[in-house]
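S.K.: Coordinates in upload_22.csv, CSV, C-alpha atoms, are listed below.
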chain,number,residue,atom,x,y,z
A,875,MET,CA,13.2,38.9,3.1
A,876,SER,CA,11.3,36.9,0.5
A,877,ARG,CA,12.8,34.0,-1.4
A,878,VAL,CA,10.3,32.7,-3.9
A,879,LEU,CA,11.4,30.1,-6.3
A,880,ARG,CA,10.4,31.2,-9.8
A,881,ILE,CA,11.2,28.5,-12.3
A,882,THR,CA,11.8,29.5,-15.9
A,883,PRO,CA,12.8,27.0,-18.7
A,884,ALA,CA,16.3,28.3,-18.8
A,885,SER,CA,17.0,28.1,-15.1
A,886,GLU,CA,14.7,25.2,-14.0
A,887,ALA,CA,17.4,22.5,-13.5
A,888,HIS,CA,19.7,24.8,-11.6
A,889,LEU,CA,17.0,26.2,-9.3
A,890,LYS,CA,15.7,22.7,-8.6
A,891,ARG,CA,19.2,21.5,-7.6
A,892,ARG,CA,19.6,24.5,-5.4
A,893,ALA,CA,16.3,24.0,-3.7
A,894,LEU,CA,16.9,20.3,-3.2
A,895,LEU,CA,20.4,20.9,-1.7
A,896,ALA,CA,19.0,23.6,0.6
A,897,VAL,CA,16.2,21.4,2.0
A,898,PHE,CA,18.6,18.4,2.3
A,899,LEU,CA,21.1,20.5,4.4
A,900,THR,CA,18.3,22.0,6.5
A,901,ILE,CA,16.7,18.7,7.3
A,902,CYS,CA,20.1,17.0,7.9
A,903,VAL,CA,21.3,19.5,10.4
A,904,SER,CA,17.8,19.4,12.1
A,905,LEU,CA,17.9,15.7,12.4
A,906,ILE,CA,21.4,15.7,13.9
A,907,GLY,CA,20.0,17.7,16.8
A,908,PHE,CA,17.0,15.3,17.0
A,909,GLY,CA,19.2,12.2,16.8
A,910,ILE,CA,21.5,13.5,19.6
A,911,VAL,CA,18.6,13.5,22.2
A,912,ILE,CA,16.2,10.7,21.3
A,913,PRO,CA,18.4,7.7,22.2
A,914,LEU,CA,19.0,9.4,25.6
A,915,LEU,CA,15.4,10.1,26.5
A,916,PRO,CA,14.6,6.8,28.3
A,917,PHE,CA,17.7,7.2,30.5
A,918,TYR,CA,16.7,10.9,31.1
A,919,ALA,CA,13.3,9.7,32.2
A,920,GLN,CA,14.7,7.0,34.5
A,921,ARG,CA,16.7,9.7,36.3
A,922,PHE,CA,13.3,10.9,37.6
A,923,GLN,CA,12.2,7.3,38.5
A,924,ALA,CA,10.0,7.0,35.4
A,925,SER,CA,8.5,3.5,34.8
A,926,GLU,CA,8.6,1.7,31.4
A,927,TRP,CA,5.0,2.8,30.9
A,928,GLN,CA,5.9,6.4,31.5
A,929,VAL,CA,8.8,6.2,29.1
A,930,GLY,CA,6.2,5.1,26.5
A,931,LEU,CA,4.0,8.0,27.4
A,932,LEU,CA,6.9,10.4,27.1
A,933,PHE,CA,7.4,9.4,23.5
A,934,ALA,CA,3.7,9.5,22.9
A,935,SER,CA,3.3,13.0,24.3
A,936,PHE,CA,5.4,14.4,21.4
A,937,SER,CA,3.2,12.5,18.9
A,938,LEU,CA,0.0,13.6,20.5
A,939,ALA,CA,0.9,17.2,20.2
A,940,GLN,CA,2.0,16.7,16.6
A,941,LEU,CA,-1.2,14.8,15.9
A,942,ILE,CA,-3.1,18.0,16.7
A,943,ALA,CA,-0.7,20.4,15.0
A,944,ALA,CA,0.6,18.6,11.8
A,945,PRO,CA,-2.5,19.1,9.6
A,946,ILE,CA,-2.7,22.7,10.6
A,947,LEU,CA,1.0,23.3,9.9
A,948,GLY,CA,0.6,21.5,6.5
A,949,ASP,CA,-2.4,23.8,5.7
A,950,TRP,CA,-0.3,26.9,6.7
A,951,SER,CA,2.5,25.8,4.4
A,952,ASP,CA,0.0,25.7,1.5
A,953,ARG,CA,-1.4,29.1,2.5
A,954,TRP,CA,1.7,31.0,3.6
A,955,GLY,CA,4.6,29.0,2.2
A,956,ARG,CA,6.8,26.1,3.1
A,957,ARG,CA,9.8,28.2,4.3
A,958,PRO,CA,8.2,30.1,7.3
A,959,VAL,CA,6.6,26.9,8.6
A,960,LEU,CA,9.9,25.0,8.3
A,961,ILE,CA,11.8,27.7,10.2
A,962,LEU,CA,9.0,27.9,12.9
A,963,SER,CA,9.4,24.1,13.5
A,964,LEU,CA,13.1,24.4,13.9
A,965,LEU,CA,12.9,27.2,16.4
A,966,GLY,CA,10.3,25.2,18.3
A,967,SER,CA,12.7,22.3,18.4
A,968,ALA,CA,15.5,24.5,19.8
A,969,LEU,CA,13.2,25.8,22.5
A,970,SER,CA,12.2,22.2,23.5
A,971,PHE,CA,15.8,21.1,23.8
A,972,VAL,CA,16.5,24.1,26.1
A,973,MET,CA,13.6,23.0,28.2
A,974,LEU,CA,14.9,19.5,28.2
A,975,ALA,CA,18.4,20.6,29.4
A,976,LEU,CA,16.8,22.6,32.2
A,977,ALA,CA,14.2,20.0,33.2
A,978,GLY,CA,14.3,19.3,37.0
A,979,ASN,CA,11.5,16.8,37.1
A,980,LEU,CA,9.3,14.5,34.9
A,981,PHE,CA,6.7,17.3,34.3
A,982,TRP,CA,9.2,19.5,32.5
A,983,LEU,CA,10.5,16.5,30.6
A,984,PHE,CA,7.0,16.0,29.2
A,985,ALA,CA,6.6,19.7,28.6
A,986,SER,CA,9.7,19.8,26.4
A,987,ARG,CA,8.4,17.0,24.2
A,988,ILE,CA,5.0,18.6,23.9
A,989,VAL,CA,6.5,21.9,22.8
A,990,ASP,CA,8.5,20.1,20.1
A,991,GLY,CA,5.4,18.2,19.0
A,992,PHE,CA,3.3,21.3,18.5
A,993,THR,CA,5.9,23.0,16.3
A,994,GLY,CA,7.3,19.8,14.7
A,995,GLY,CA,6.4,20.3,11.1
A,996,ASN,CA,9.8,20.0,9.5
A,997,ILE,CA,9.6,16.6,7.9
A,998,THR,CA,6.0,16.9,6.6
A,999,THR,CA,6.8,20.4,5.2
A,1000,ALA,CA,9.9,19.1,3.6
A,1001,ARG,CA,7.9,16.3,1.9
A,1002,ALA,CA,5.5,18.9,0.5
A,1003,TYR,CA,8.5,21.0,-0.6
A,1004,ILE,CA,9.9,18.0,-2.5
A,1005,ALA,CA,6.6,17.5,-4.3
A,1006,ASP,CA,6.7,21.2,-5.3
A,1007,ILE,CA,10.0,20.9,-7.1
A,1008,SER,CA,9.8,17.3,-8.4
A,1009,GLU,CA,8.2,15.7,-11.5
A,1010,PRO,CA,6.4,12.4,-10.6
A,1011,ARG,CA,9.2,10.3,-12.1
A,1012,GLU,CA,11.8,12.1,-9.7
A,1013,ARG,CA,9.8,11.9,-6.5
A,1014,ALA,CA,10.9,8.5,-5.1
A,1015,ARG,CA,14.5,9.4,-5.8
A,1016,ASN,CA,14.2,12.9,-4.2
A,1017,TYR,CA,12.3,11.5,-1.2
A,1018,GLY,CA,15.2,9.0,-0.9
A,1019,LEU,CA,17.6,12.0,-0.7
A,1020,ILE,CA,15.5,13.5,2.1
A,1021,GLY,CA,15.5,10.0,3.8
A,1022,ALA,CA,19.3,10.1,3.3
A,1023,ALA,CA,19.4,13.4,5.1
A,1024,PHE,CA,17.3,11.9,7.9
A,1025,GLY,CA,19.7,8.9,8.1
A,1026,LEU,CA,22.8,11.0,8.0
A,1027,GLY,CA,21.3,13.0,10.9
A,1028,PHE,CA,20.9,9.7,12.8
A,1029,ILE,CA,24.4,8.6,12.0
A,1030,LEU,CA,26.0,11.8,13.4
A,1031,GLY,CA,23.3,12.6,16.1
A,1032,PRO,CA,23.3,9.3,18.1
A,1033,ALA,CA,27.1,8.9,17.9
A,1034,LEU,CA,27.6,12.6,19.0
A,1035,GLY,CA,25.0,12.2,21.7
A,1036,GLY,CA,26.5,9.0,23.0
A,1037,GLY,CA,29.9,10.7,23.2
A,1038,LEU,CA,28.6,13.9,24.9
A,1039,ALA,CA,26.5,11.8,27.4
A,1040,ARG,CA,29.8,11.0,29.1
A,1041,PHE,CA,29.8,14.6,30.4
A,1042,GLY,CA,26.2,14.5,31.6
A,1043,LEU,CA,22.8,14.1,30.0
A,1044,GLU,CA,22.3,17.9,29.8
A,1045,VAL,CA,25.2,18.4,27.5
A,1046,PRO,CA,23.6,16.6,24.5
A,1047,ALA,CA,20.4,18.6,25.1
A,1048,TRP,CA,22.2,21.9,24.9
A,1049,THR,CA,24.1,20.8,21.9
A,1050,ALA,CA,20.9,19.8,20.1
A,1051,ALA,CA,19.4,23.2,20.9
A,1052,GLY,CA,22.3,24.9,19.2
A,1053,ILE,CA,22.2,22.6,16.2
A,1054,SER,CA,18.4,23.3,15.8
A,1055,LEU,CA,19.2,27.1,15.8
A,1056,LEU,CA,21.8,26.5,13.1
A,1057,ALA,CA,19.3,24.6,11.0
A,1058,ALA,CA,16.8,27.5,11.3
A,1059,ALA,CA,19.6,29.9,10.2
A,1060,LEU,CA,20.3,27.7,7.2
A,1061,GLY,CA,16.6,27.7,6.3
A,1062,TRP,CA,16.4,31.4,6.6
A,1063,TRP,CA,19.4,32.2,4.4
A,1064,TRP,CA,19.4,29.4,1.9
A,1065,LEU,CA,15.9,27.9,1.5
A,1066,PRO,CA,13.9,29.4,-1.4
A,1067,GLU,CA,10.1,29.5,-1.3
A,1068,THR,CA,8.4,27.1,-3.7
A,1069,VAL,CA,4.6,27.5,-3.3
A,1070,HIS,CA,2.2,30.3,-4.2
A,1071,THR,CA,-0.2,30.8,-1.3
A,1072,THR,CA,-3.8,29.5,-1.8
A,1073,PRO,CA,-6.2,32.2,-2.7
A,1074,ALA,CA,-8.9,31.5,-0.1
A,1075,ARG,CA,-9.2,30.1,3.3
A,1076,ARG,CA,-10.2,26.4,3.2
A,1077,PRO,CA,-12.0,24.4,5.9
A,1078,SER,CA,-10.0,23.0,8.7
A,1079,PRO,CA,-7.9,20.0,7.6
A,1080,TRP,CA,-9.4,18.1,10.5
A,1081,ARG,CA,-12.9,18.7,9.0
A,1082,GLU,CA,-11.8,17.5,5.6
A,1083,LEU,CA,-10.1,14.3,7.0
A,1084,PRO,CA,-13.2,12.0,6.6
A,1085,MET,CA,-13.5,13.1,3.0
A,1086,LEU,CA,-9.8,12.5,2.3
A,1087,ILE,CA,-10.0,9.0,3.7
A,1088,ARG,CA,-13.0,8.2,1.5
A,1089,ARG,CA,-11.0,8.8,-1.7
A,1090,PRO,CA,-10.3,5.3,-3.0
A,1091,LEU,CA,-6.5,5.5,-3.5
A,1092,LEU,CA,-5.7,8.2,-1.0
A,1093,GLY,CA,-7.7,6.4,1.6
A,1094,ARG,CA,-5.7,3.2,1.3
A,1095,LEU,CA,-2.5,5.1,1.4
A,1096,LEU,CA,-3.5,7.0,4.5
A,1097,TRP,CA,-4.5,3.8,6.3
A,1098,MET,CA,-1.2,2.3,5.3
A,1099,ASP,CA,0.6,5.4,6.7
A,1100,LEU,CA,-1.0,4.7,10.1
A,1101,ILE,CA,-0.1,1.0,10.0
A,1102,LEU,CA,3.5,1.5,8.8
A,1103,TRP,CA,4.4,4.1,11.3
A,1104,SER,CA,2.8,2.2,14.2
A,1105,ALA,CA,5.1,-0.7,13.4
A,1106,PHE,CA,8.2,1.6,12.9
A,1107,SER,CA,7.5,3.5,16.1
A,1108,VAL,CA,7.4,0.3,18.1
A,1109,TYR,CA,10.9,-0.5,16.8
A,1110,GLN,CA,12.3,2.9,17.3
A,1111,THR,CA,11.0,3.7,20.7
A,1112,THR,CA,11.6,0.4,22.4
A,1113,PHE,CA,15.1,0.0,21.0
A,1114,PRO,CA,17.1,1.5,23.9
A,1115,LEU,CA,15.3,-0.5,26.6
A,1116,PHE,CA,15.1,-3.7,24.4
A,1117,THR,CA,18.9,-3.7,23.9
A,1118,HIS,CA,19.5,-2.9,27.5
A,1119,LYS,CA,17.3,-5.8,28.7
A,1120,ARG,CA,18.6,-8.4,26.3
A,1121,PHE,CA,22.3,-7.3,25.8
A,1122,GLY,CA,23.0,-4.8,28.5
A,1123,PHE,CA,23.5,-1.9,26.1
A,1124,GLY,CA,23.7,1.6,27.5
A,1125,PRO,CA,23.5,5.1,25.8
A,1126,VAL,CA,27.0,4.7,24.2
A,1127,GLU,CA,26.3,1.3,22.6
A,1128,ASN,CA,22.9,2.3,21.5
A,1129,GLY,CA,24.2,5.4,19.9
A,1130,TYR,CA,26.7,3.5,17.8
A,1131,VAL,CA,24.2,0.8,16.7
A,1132,LEU,CA,21.7,3.5,15.7
A,1133,ALA,CA,24.5,5.3,13.8
A,1134,MET,CA,25.1,2.1,11.9
A,1135,VAL,CA,21.4,1.9,11.0
A,1136,GLY,CA,21.6,5.5,9.9
A,1137,LEU,CA,24.5,4.8,7.6
A,1138,ILE,CA,22.7,1.9,5.9
A,1139,GLY,CA,19.7,4.2,5.4
A,1140,VAL,CA,21.9,7.0,3.9
A,1141,LEU,CA,23.6,4.7,1.4
A,1142,MET,CA,20.4,2.9,0.4
A,1143,GLN,CA,18.3,6.1,0.0
A,1144,ALA,CA,21.0,8.2,-1.7
A,1145,MET,CA,22.3,5.6,-4.2
A,1146,VAL,CA,19.9,2.6,-4.5
A,1147,VAL,CA,16.2,3.7,-4.1
A,1148,GLY,CA,16.0,5.7,-7.3
A,1149,ARG,CA,17.5,2.9,-9.4
A,1150,VAL,CA,15.3,0.2,-7.9
A,1151,VAL,CA,12.1,2.3,-8.4
A,1152,HIS,CA,13.2,2.9,-12.0
A,1153,VAL,CA,13.3,-0.8,-12.6
A,1154,LEU,CA,10.4,-2.1,-10.4
A,1155,GLY,CA,8.1,0.9,-9.8
A,1156,GLU,CA,7.1,2.4,-6.5
A,1157,ARG,CA,4.6,-0.3,-5.3
A,1158,ALA,CA,6.9,-3.2,-6.0
A,1159,THR,CA,9.8,-1.5,-4.3
A,1160,MET,CA,7.7,-0.7,-1.3
A,1161,ARG,CA,6.5,-4.3,-1.0
A,1162,MET,CA,10.0,-5.6,-1.3
A,1163,GLY,CA,11.1,-3.2,1.4
A,1164,LEU,CA,8.3,-4.3,3.7
A,1165,GLY,CA,9.3,-8.0,3.2
A,1166,LEU,CA,12.9,-7.2,4.3
A,1167,ASN,CA,11.6,-5.2,7.2
A,1168,ILE,CA,9.3,-8.0,8.3
A,1169,ALA,CA,12.2,-10.5,8.2
A,1170,GLY,CA,14.5,-8.2,10.1
A,1171,LEU,CA,12.1,-7.4,12.9
A,1172,MET,CA,11.0,-11.0,13.3
A,1173,GLY,CA,14.7,-12.0,13.5
A,1174,ALA,CA,15.6,-9.3,15.9
A,1175,ALA,CA,12.7,-10.4,18.2
A,1176,PHE,CA,14.1,-13.9,18.8
A,1177,VAL,CA,17.9,-14.0,18.0
A,1178,PRO,CA,20.0,-14.7,21.2
A,1179,SER,CA,23.3,-13.1,20.2
A,1180,VAL,CA,24.5,-9.5,19.5
A,1181,THR,CA,25.9,-10.5,16.1
A,1182,LEU,CA,22.7,-12.1,14.8
A,1183,PHE,CA,20.7,-9.1,16.2
A,1184,LEU,CA,22.9,-6.7,14.3
A,1185,VAL,CA,22.3,-8.7,11.1
A,1186,ALA,CA,18.6,-8.6,11.6
A,1187,VAL,CA,18.6,-4.9,12.3
A,1188,CYS,CA,20.5,-4.4,9.0
A,1189,PHE,CA,17.8,-6.2,7.1
A,1190,ALA,CA,15.2,-4.0,8.8
A,1191,ALA,CA,17.1,-0.9,7.9
A,1192,ILE,CA,17.5,-1.9,4.3
A,1193,GLY,CA,13.8,-2.7,4.1
A,1194,GLY,CA,12.8,0.7,5.6
A,1195,ALA,CA,15.1,2.5,3.3
A,1196,LEU,CA,13.3,1.0,0.3
A,1197,ALA,CA,9.8,1.1,1.6
A,1198,LEU,CA,9.4,4.7,3.0
A,1199,PRO,CA,10.5,6.8,0.0
A,1200,SER,CA,8.5,4.7,-2.4
A,1201,PHE,CA,5.4,5.0,-0.1
A,1202,THR,CA,5.9,8.8,0.2
A,1203,SER,CA,6.1,9.1,-3.5
A,1204,LEU,CA,2.9,7.2,-4.0
A,1205,LEU,CA,1.2,9.4,-1.4
A,1206,SER,CA,2.4,12.7,-3.0
A,1207,GLN,CA,1.2,11.5,-6.4
A,1208,SER,CA,-2.3,10.9,-5.1
A,1209,ALA,CA,-2.7,14.6,-4.2
A,1210,GLY,CA,-3.0,17.7,-6.4
A,1211,ALA,CA,-0.4,20.4,-6.5
A,1212,ASP,CA,-2.5,22.8,-4.5
A,1213,GLU,CA,-3.0,20.4,-1.6
A,1214,GLN,CA,0.5,18.9,-1.1
A,1215,GLY,CA,0.9,20.6,2.3
A,1216,ARG,CA,-2.5,19.5,3.5
A,1217,ILE,CA,-2.1,15.9,2.4
A,1218,GLN,CA,1.4,15.6,3.8
A,1219,GLY,CA,0.1,17.3,7.0
A,1220,VAL,CA,-2.7,14.8,7.3
A,1221,GLY,CA,-0.2,12.0,6.7
A,1222,GLY,CA,2.0,13.5,9.4
A,1223,ALA,CA,-0.9,13.6,11.8
A,1224,LEU,CA,-1.6,9.9,11.2
A,1225,GLU,CA,2.1,9.2,11.7
A,1226,SER,CA,1.9,11.1,15.0
A,1227,LEU,CA,-1.1,9.0,16.0
A,1228,ALA,CA,1.0,5.9,15.2
A,1229,ARG,CA,3.7,7.3,17.4
A,1230,ILE,CA,1.2,7.5,20.2
A,1231,ILE,CA,0.0,4.0,19.7
A,1232,GLY,CA,3.5,2.5,19.0
A,1233,PRO,CA,5.5,3.6,22.1
A,1234,VAL,CA,2.7,2.8,24.6
A,1235,TRP,CA,2.0,-0.5,22.9
A,1236,GLY,CA,5.7,-1.4,22.4
A,1237,ASN,CA,7.0,-0.4,25.8
A,1238,GLY,CA,4.0,-1.9,27.5
A,1239,LEU,CA,4.6,-5.3,25.8
A,1240,LEU,CA,8.3,-5.1,26.7
A,1241,HIS,CA,7.2,-5.5,30.3
A,1242,TYR,CA,5.9,-9.0,29.5
A,1243,GLY,CA,8.7,-10.2,27.2
A,1244,ASP,CA,11.4,-8.6,25.1
A,1245,ALA,CA,10.4,-10.5,21.9
A,1246,LEU,CA,6.8,-9.2,21.9
A,1247,PRO,CA,7.3,-5.6,20.6
A,1248,TYR,CA,9.3,-6.6,17.5
A,1249,ALA,CA,7.2,-9.6,16.7
A,1250,SER,CA,4.0,-7.7,16.9
A,1251,ALA,CA,5.5,-4.9,14.7
A,1252,ALA,CA,6.4,-7.4,12.1
A,1253,MET,CA,2.8,-8.7,12.0
A,1254,LEU,CA,1.6,-5.2,11.5
A,1255,LEU,CA,3.9,-4.8,8.5
A,1256,VAL,CA,2.4,-8.1,7.1
A,1257,LEU,CA,-1.0,-6.3,7.2
A,1258,ALA,CA,0.5,-3.3,5.4
A,1259,SER,CA,1.9,-5.5,2.7
A,1260,PHE,CA,-1.6,-7.0,2.1
A,1261,ILE,CA,-3.1,-3.6,1.7
A,1262,ALA,CA,-0.4,-2.6,-0.7
A,1263,ARG,CA,-1.6,-5.3,-3.2
A,1264,ASP,CA,-4.7,-3.1,-3.9
A,1265,ILE,CA,-2.6,0.0,-4.7
A,1266,PRO,CA,-2.2,0.4,-8.5
A,1267,GLU,CA,1.4,0.5,-9.8
A,1268,LYS,CA,2.6,3.8,-11.2
A,1269,GLU,CA,4.2,4.1,-14.5
A,1270,ARG,CA,7.8,2.9,-14.6
A,1271,TYR,CA,10.2,5.7,-15.7
Show the structure stored in the file as structure tokens.

M.R.:
Amino acid sequence: MSRVLRITPASEAHLKRRALLAVFLTICVSLIGFGIVIPLLPFYAQRFQASEWQVGLLFASFSLAQLIAAPILGDWSDRWGRRPVLILSLLGSALSFVMLALAGNLFWLFASRIVDGFTGGNITTARAYIADISEPRERARNYGLIGAAFGLGFILGPALGGGLARFGLEVPAWTAAGISLLAAALGWWWLPETVHTTPARRPSPWRELPMLIRRPLLGRLLWMDLILWSAFSVYQTTFPLFTHKRFGFGPVENGYVLAMVGLIGVLMQAMVVGRVVHVLGERATMRMGLGLNIAGLMGAAFVPSVTLFLVAVCFAAIGGALALPSFTSLLSQSAGADEQGRIQGVGGALESLARIIGPVWGNGLLHYGDALPYASAAMLLVLASFIARDIPEKERY
């Protein structure tokens, strides 16, 4: 059953809206399943007497597998289409959650994350999909909508996971598997194809990576991608243990706080990002977001009370909601139409590398002091902000 998006002048706006809605719903449902499980993983691992170091490696194992697979999946989406790669990734997530639910020891816990990592191309493929259907002036806004789908998944997912955890840690995992299958079904029935396949086999994306990094603008953006996501992954993967050590939070409390963060992200990316980019441009919006994120993470590292911590986390959430869609828009505009999947795949691989570095680094530092992970992540974002000064501003629309 082929669904190829053929845009004519008469139907262009309608088809673009349909495609955008389809990818929004598919990613939202997918991230609900992802959000159910991720806040519970550290506690799942501790059931098998895992150390803080092993918890960091658990998060990193997913990213290591994705580091290998993401450029290949991105290349496949250019050659064979976005839709089959997106459905494959969702089916892989469903399988990984089944493995997680059945895991009887730490080995199978790691195996479940590795399977999800090898097939986890849903976000990078969605970014390439958005580039296919968006004019440059629309990309920051449309990437904001995908970010809103991401955030909405993390509102409903952690809250649902926290509630289901009362009945046992396996229950959220089984629920996430079912939700991932639902997302795959949505992709199969609703998602139109947007890309013509490339006419010839190209070299391995890994072999082209050194050439891509040497491009002046693209190279800066790819280095920024690595730095940004290293900092963000420190924050994301140390959050459950950080709040447990400092404030005594458990899965339920963490689920609700992450749901609050997700709500902020949804509101900002759905209603604010496009307007701010229209006025300031992508680069200025990105740098403003980085500044808010730096302030939020540095505050979260040192505040002594729950109330002040929540305020700091809100600043970080607002900053991330502004910075990431603007950055992704700049990255997509640095690539040609025939290489969107490849460039987004390479970016996804660097993000995966960051998610290997960040969890090991963040959870390792947590052993020596609970302020160290967030403070060091804030300093990395300072470095990213300096690199952003050399990125030319795009035209304001």

S.K.: Please report the interatomic distance between CA of Ala919 in chain A and CA of Thr1117 in chain A in Å with one decimal.

M.R.: 16.7 Å

S.K.: Using only C-alpha atoms, which residues sit within 7 Å of range 1097-1099 of chain A once same-chain residues fewer than 3 positions away are excluded, as a PyMOL selection string?

M.R.: chain A and resi 1093-1094+1102-1103+1221+1224-1225+1258

S.K.: Closest to Pro1032 in chain A among A:Gly966, A:Pro1125, A:Gly948, A:Pro1090, using only C-alpha atoms?

M.R.: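 Looking only at the distances to Pro1032 in chain A, the closest residue turns out to be A:Pro1125.
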
S.K.: Please, what distance in Å, to one decimal, runs between CA of Gly1025 in chain A and CA of Tyr1003 in chain A?

M.R.: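 Straight-line distance from CA of Gly1025 in chain A to CA of Tyr1003 in chain A works out to 18.6 Å.
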
S.K.: For a quick check of understanding, using all atoms listed in the file, which of A:Ile1217, A:Val1187, A:Leu960, A:Val1131 has the smallest distance to Ile1029 in chain A?

M.R.: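 Closest candidate: A:Val1131.
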
S.K.: Which of these, A:Gly1163, A:Gly1035, A:Gly1219, A:Gly1148, has the shortest distance to Leu1086 in chain A once you count all atoms listed in the file?

M.R.: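 Nearest to Leu1086 in chain A: A:Gly1219.
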
S.K.: So which residues are close to (1.0, 21.9, 8.5), meaning at most 7 Å away in the file's coordinates with all atoms listed in the file counted, and can you show them as a PyMOL selection string?

M.R.: chain A and resi 943-951+995+999+1215-1216+1219

S.K.: Here is a test: counting only C-alpha atoms, which residue of A:Tyr1017, A:Phe971, A:Phe1183, A:Phe908 is nearest to Gly1031 in chain A?

M.R.: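 Counting only C-alpha atoms, the residue closest to Gly1031 in chain A is A:Phe908.
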
S.K.: Extract, using only C-alpha atoms, all DNA, RNA and protein residues at most 8 Å from Phe898 in chain A, discarding same-chain residues fewer than 6 positions from it, and format them as a CSV table (one decimal) with C-alpha atoms, in the frame of the given file.

M.R.:
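Dumped to out-v7.csv:
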chain,number,residue,atom,x,y,z
A,1019,LEU,CA,17.6,12.0,-0.7
A,1020,ILE,CA,15.5,13.5,2.1
A,1023,ALA,CA,19.4,13.4,5.1

S.K.: Report, in Å with one decimal, the straight-line distance from CA of Phe981 in chain A to CA of Leu1030 in chain A.

M.R.: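 Atom-to-atom, CA of Phe981 in chain A to CA of Leu1030 in chain A, that is 29.0 Å.
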
S.K.: For Leu1239 in chain A, work out the shell of residues within 10 Å, counting all atoms listed in the file and skipping chain neighbours fewer than 6 positions away, then give it as a ChimeraX atom specification.

M.R.: /A:926-927,1108,1112,1233,1245-1248,1250

S.K.: Residues of the last selection are to be written out with C-alpha atoms, as a compact mmCIF listing (two decimals), in the frame of the given file.

M.R.:
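The file below, part_26.txt, is the result:
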# COMPACT_ATOMS: atom_id res chain seq x y z
CA GLU A 926 8.60 1.70 31.40
CA TRP A 927 5.00 2.80 30.90
CA VAL A 1108 7.40 0.30 18.10
CA THR A 1112 11.60 0.40 22.40
CA PRO A 1233 5.50 3.60 22.10
CA ALA A 1245 10.40 -10.50 21.90
CA LEU A 1246 6.80 -9.20 21.90
CA PRO A 1247 7.30 -5.60 20.60
CA TYR A 1248 9.30 -6.60 17.50
CA SER A 1250 4.00 -7.70 16.90

S.K.: Pick the closest to Ala1000 in chain A from A:Ile961, A:Ala1059, A:Ala1191, A:Ala1175: which is it, counting only C-alpha atoms?

M.R.: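 Nearest to Ala1000 in chain A: A:Ile961.
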
S.K.: Given only C-alpha atoms as the basis, pick out the residue of A:Ala1002, A:Leu1240, A:Leu1205, A:Ala1197 nearest to Tyr1109 in chain A.

M.R.: A:Leu1240

S.K.: Quick one: everything within 9 Å of Leu1254 in chain A, counting all atoms listed in the file, minus sequence neighbours fewer than 3 positions away in the same chain. Send it as a PyMOL selection string.

M.R.: chain A and resi 1101-1102+1104-1105+1168+1249-1251+1257-1259

S.K.: Name all residues at most 7 Å from Ala1058 in chain A (count all atoms listed in the file; drop same-chain ones fewer than 3 positions away) and give them as a PDB file with C-alpha atoms, in the coordinates of the input.

M.R.:
ATOM      1  CA  ILE A 961      11.800  27.700  10.200  1.00  0.00           C
ATOM      2  CA  LEU A 964      13.100  24.400  13.900  1.00  0.00           C
ATOM      3  CA  LEU A 965      12.900  27.200  16.400  1.00  0.00           C
ATOM      4  CA  SER A1054      18.400  23.300  15.800  1.00  0.00           C
ATOM      5  CA  LEU A1055      19.200  27.100  15.800  1.00  0.00           C
ATOM      6  CA  GLY A1061      16.600  27.700   6.300  1.00  0.00           C
ATOM      7  CA  TRP A1062      16.400  31.400   6.600  1.00  0.00           C
TER       8      TRP A1062
END

S.K.: In the coordinates of the file, take the point (20.1, 19.8, 4.8) and a cut-off of 10 Å; then, counting all atoms listed in the file, name each qualifying protein, DNA or RNA residue as a compact mmCIF listing (two decimals) with C-alpha atoms, in the coordinates of the input.

M.R.:
# COMPACT_ATOMS: atom_id res chain seq x y z
CA LEU A 894 16.90 20.30 -3.20
CA LEU A 895 20.40 20.90 -1.70
CA ALA A 896 19.00 23.60 0.60
CA VAL A 897 16.20 21.40 2.00
CA PHE A 898 18.60 18.40 2.30
CA LEU A 899 21.10 20.50 4.40
CA THR A 900 18.30 22.00 6.50
CA ILE A 901 16.70 18.70 7.30
CA CYS A 902 20.10 17.00 7.90
CA VAL A 903 21.30 19.50 10.40
CA SER A 904 17.80 19.40 12.10
CA LEU A 905 17.90 15.70 12.40
CA LEU A 1019 17.60 12.00 -0.70
CA ILE A 1020 15.50 13.50 2.10
CA ALA A 1022 19.30 10.10 3.30
CA ALA A 1023 19.40 13.40 5.10
CA PHE A 1024 17.30 11.90 7.90
CA LEU A 1026 22.80 11.00 8.00
CA GLY A 1027 21.30 13.00 10.90
CA ALA A 1057 19.30 24.60 11.00
CA LEU A 1060 20.30 27.70 7.20
CA GLY A 1061 16.60 27.70 6.30
CA LEU A 1065 15.90 27.90 1.50
